[in-house]
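The next block holds one structure in the form of C-alpha coordinates; read it before the comments.
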Amino acid sequence: QVQLVESGGGLVQAGGSLRLSCAASGRTFRPYIMGWFRQAPGKDREFVAAITWSGGTTYYADSVKGRFTISRENVFVKKTVFLQMNSLKPEDTAVYYCAAATFVSSLRYDSASRYDDWGQGTQVTVSS
(Lines give C-alpha, C1' and ligand atoms only; values in the text may rest on other atoms or scores of the structure.)
Protein backbone atom coordinates (compact mmCIF):
# COMPACT_ATOMS: atom_id res chain seq x y z
CA GLN A 1 0.00 0.00 0.00
CA VAL A 2 1.44 3.35 -1.03
CA GLN A 3 0.91 6.36 1.16
CA LEU A 4 1.38 9.86 -0.22
CA VAL A 5 1.70 12.67 2.31
CA GLU A 6 1.71 16.29 1.20
CA SER A 7 3.16 19.19 3.17
CA GLY A 8 4.15 22.80 2.67
CA GLY A 9 0.81 24.44 2.10
CA GLY A 10 -0.20 27.64 3.83
CA LEU A 11 -1.21 31.27 3.48
CA VAL A 12 0.88 33.58 1.34
CA GLN A 13 0.44 37.00 -0.22
CA ALA A 14 0.14 37.41 -3.96
CA GLY A 15 3.57 37.38 -5.56
CA GLY A 16 4.96 35.11 -2.88
CA SER A 17 6.27 31.56 -3.04
CA LEU A 18 5.57 28.20 -1.49
CA ARG A 19 7.19 24.79 -1.87
CA LEU A 20 5.00 21.74 -1.61
CA SER A 21 6.39 18.30 -0.85
CA CYS A 22 4.89 14.87 -1.33
CA ALA A 23 6.58 11.98 0.41
CA ALA A 24 5.81 8.48 -0.79
CA SER A 25 6.25 5.45 1.40
CA GLY A 26 6.17 1.81 0.40
CA ARG A 27 9.05 -0.57 -0.23
CA THR A 28 7.77 -1.66 -3.64
CA PHE A 29 6.58 1.74 -4.79
CA ARG A 30 7.76 2.32 -8.34
CA PRO A 31 5.81 5.10 -10.01
CA TYR A 32 5.80 5.75 -13.72
CA ILE A 33 4.69 9.31 -13.27
CA MET A 34 3.80 11.59 -10.38
CA GLY A 35 1.70 14.69 -10.55
CA TRP A 36 0.07 17.56 -8.76
CA PHE A 37 -3.57 18.49 -9.13
CA ARG A 38 -5.59 21.18 -7.41
CA GLN A 39 -9.20 21.81 -6.59
CA ALA A 40 -10.69 25.19 -5.74
CA PRO A 41 -14.05 25.52 -3.99
CA GLY A 42 -16.89 24.83 -6.38
CA LYS A 43 -14.57 23.79 -9.19
CA ASP A 44 -13.42 20.50 -10.66
CA ARG A 45 -10.03 19.06 -9.84
CA GLU A 46 -7.50 20.29 -12.39
CA PHE A 47 -4.06 19.24 -13.52
CA VAL A 48 -1.12 21.37 -12.40
CA ALA A 49 2.12 19.54 -13.18
CA ALA A 50 3.58 16.07 -13.67
CA ILE A 51 6.98 14.41 -13.88
CA THR A 52 8.03 11.02 -15.22
CA TRP A 53 9.94 9.17 -12.57
CA SER A 54 12.65 7.55 -14.69
CA GLY A 55 13.44 10.28 -17.20
CA GLY A 56 12.32 13.34 -15.30
CA THR A 57 10.27 14.73 -18.18
CA THR A 58 8.02 17.50 -16.89
CA TYR A 59 4.61 18.74 -17.94
CA TYR A 60 2.71 21.83 -16.83
CA ALA A 61 -0.71 23.36 -17.15
CA ASP A 62 -0.61 26.56 -19.18
CA SER A 63 -1.85 28.51 -16.17
CA VAL A 64 1.27 27.70 -14.13
CA LYS A 65 3.94 27.44 -16.82
CA GLY A 66 6.90 29.66 -16.00
CA ARG A 67 5.83 30.05 -12.38
CA PHE A 68 5.74 26.50 -10.99
CA THR A 69 8.49 23.87 -11.10
CA ILE A 70 8.02 20.18 -10.39
CA SER A 71 10.97 18.02 -9.36
CA ARG A 72 11.64 14.66 -7.77
CA GLU A 73 14.09 13.07 -5.37
CA ASN A 74 14.87 9.40 -4.83
CA VAL A 75 16.92 8.57 -1.76
CA PHE A 76 17.07 4.81 -1.10
CA VAL A 77 13.43 3.77 -0.65
CA LYS A 78 12.16 7.29 0.01
CA LYS A 79 10.64 9.05 -2.97
CA THR A 80 9.63 12.71 -2.82
CA VAL A 81 8.11 15.01 -5.39
CA PHE A 82 8.22 18.79 -4.99
CA LEU A 83 6.24 21.66 -6.43
CA GLN A 84 7.99 25.01 -6.22
CA MET A 85 5.38 27.72 -6.70
CA ASN A 86 6.53 31.26 -7.42
CA SER A 87 4.69 34.45 -8.33
CA LEU A 88 1.56 33.09 -6.71
CA LYS A 89 -1.79 34.58 -7.64
CA PRO A 90 -5.11 34.56 -5.77
CA GLU A 91 -6.46 32.21 -8.44
CA ASP A 92 -3.89 29.62 -7.36
CA THR A 93 -5.85 29.21 -4.13
CA ALA A 94 -6.93 25.58 -3.87
CA VAL A 95 -6.32 22.28 -2.16
CA TYR A 96 -3.31 20.72 -3.84
CA TYR A 97 -3.14 16.96 -4.25
CA CYS A 98 -0.19 14.75 -4.99
CA ALA A 99 -0.85 11.72 -7.19
CA ALA A 100 1.11 8.72 -8.42
CA ALA A 101 0.61 6.43 -11.40
CA THR A 102 2.03 2.95 -10.90
CA PHE A 103 0.68 1.29 -14.03
CA VAL A 104 1.24 1.59 -17.76
CA SER A 105 -1.60 3.40 -19.48
CA SER A 106 -2.46 5.28 -22.63
CA LEU A 107 -4.20 7.92 -20.55
CA ARG A 108 -2.62 11.35 -20.66
CA TYR A 109 -0.54 12.68 -17.80
CA ASP A 110 -3.08 15.46 -17.23
CA SER A 111 -5.98 13.09 -16.69
CA ALA A 112 -6.83 12.33 -13.06
CA SER A 113 -7.76 8.80 -14.17
CA ARG A 114 -4.09 8.21 -15.04
CA TYR A 115 -3.25 8.10 -11.34
CA ASP A 116 -4.06 5.34 -8.87
CA ASP A 117 -2.75 6.76 -5.61
CA TRP A 118 -3.62 10.11 -4.10
CA GLY A 119 -2.61 12.11 -1.07
CA GLN A 120 -5.03 13.82 1.30
CA GLY A 121 -4.24 17.29 -0.01
CA THR A 122 -2.73 20.46 1.40
CA GLN A 123 -4.40 23.87 1.40
CA VAL A 124 -2.76 26.76 -0.43
CA THR A 125 -4.32 30.18 0.07
CA VAL A 126 -3.04 33.25 -1.78
CA SER A 127 -4.29 36.59 -0.52
CA SER A 128 -4.53 39.64 -2.74
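To be explicit about the labels: the chains of the C-alpha coordinates are called A, B, and onward in the order shown, and within each one the residues are counted from 1, while ligands get numbers from 1 in the order they are shown.
When the distance limit is 7 Å and only C-alpha atoms are what count, the residues near Ala100 in chain A, minus those fewer than 2 positions from it on the same chain, are Pro31, Ile33, Met34, Gly35, Thr102, Tyr115, Asp116, Asp117 and Trp118 of chain A.
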DSSP helix (DSSP H, G or I) residues within chain A, listed as a PyMOL selection string: chain A and resi 90-92+112-114
Counting only C-alpha atoms, the option among A:Gly119, A:Val126, A:Val75, A:Gly55 closest to Gly15 in chain A: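 Of A:Gly119, A:Val126, A:Val75, A:Gly55, the one nearest Gly15 in chain A is A:Val126, counting only C-alpha atoms.
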field: All residues 10 Å or closer to Lys78 in chain A, only C-alpha atoms, same chain fewer than 3 positions away omitted, as a PyMOL selection string
entry: chain A and resi 23-27+29+73-75
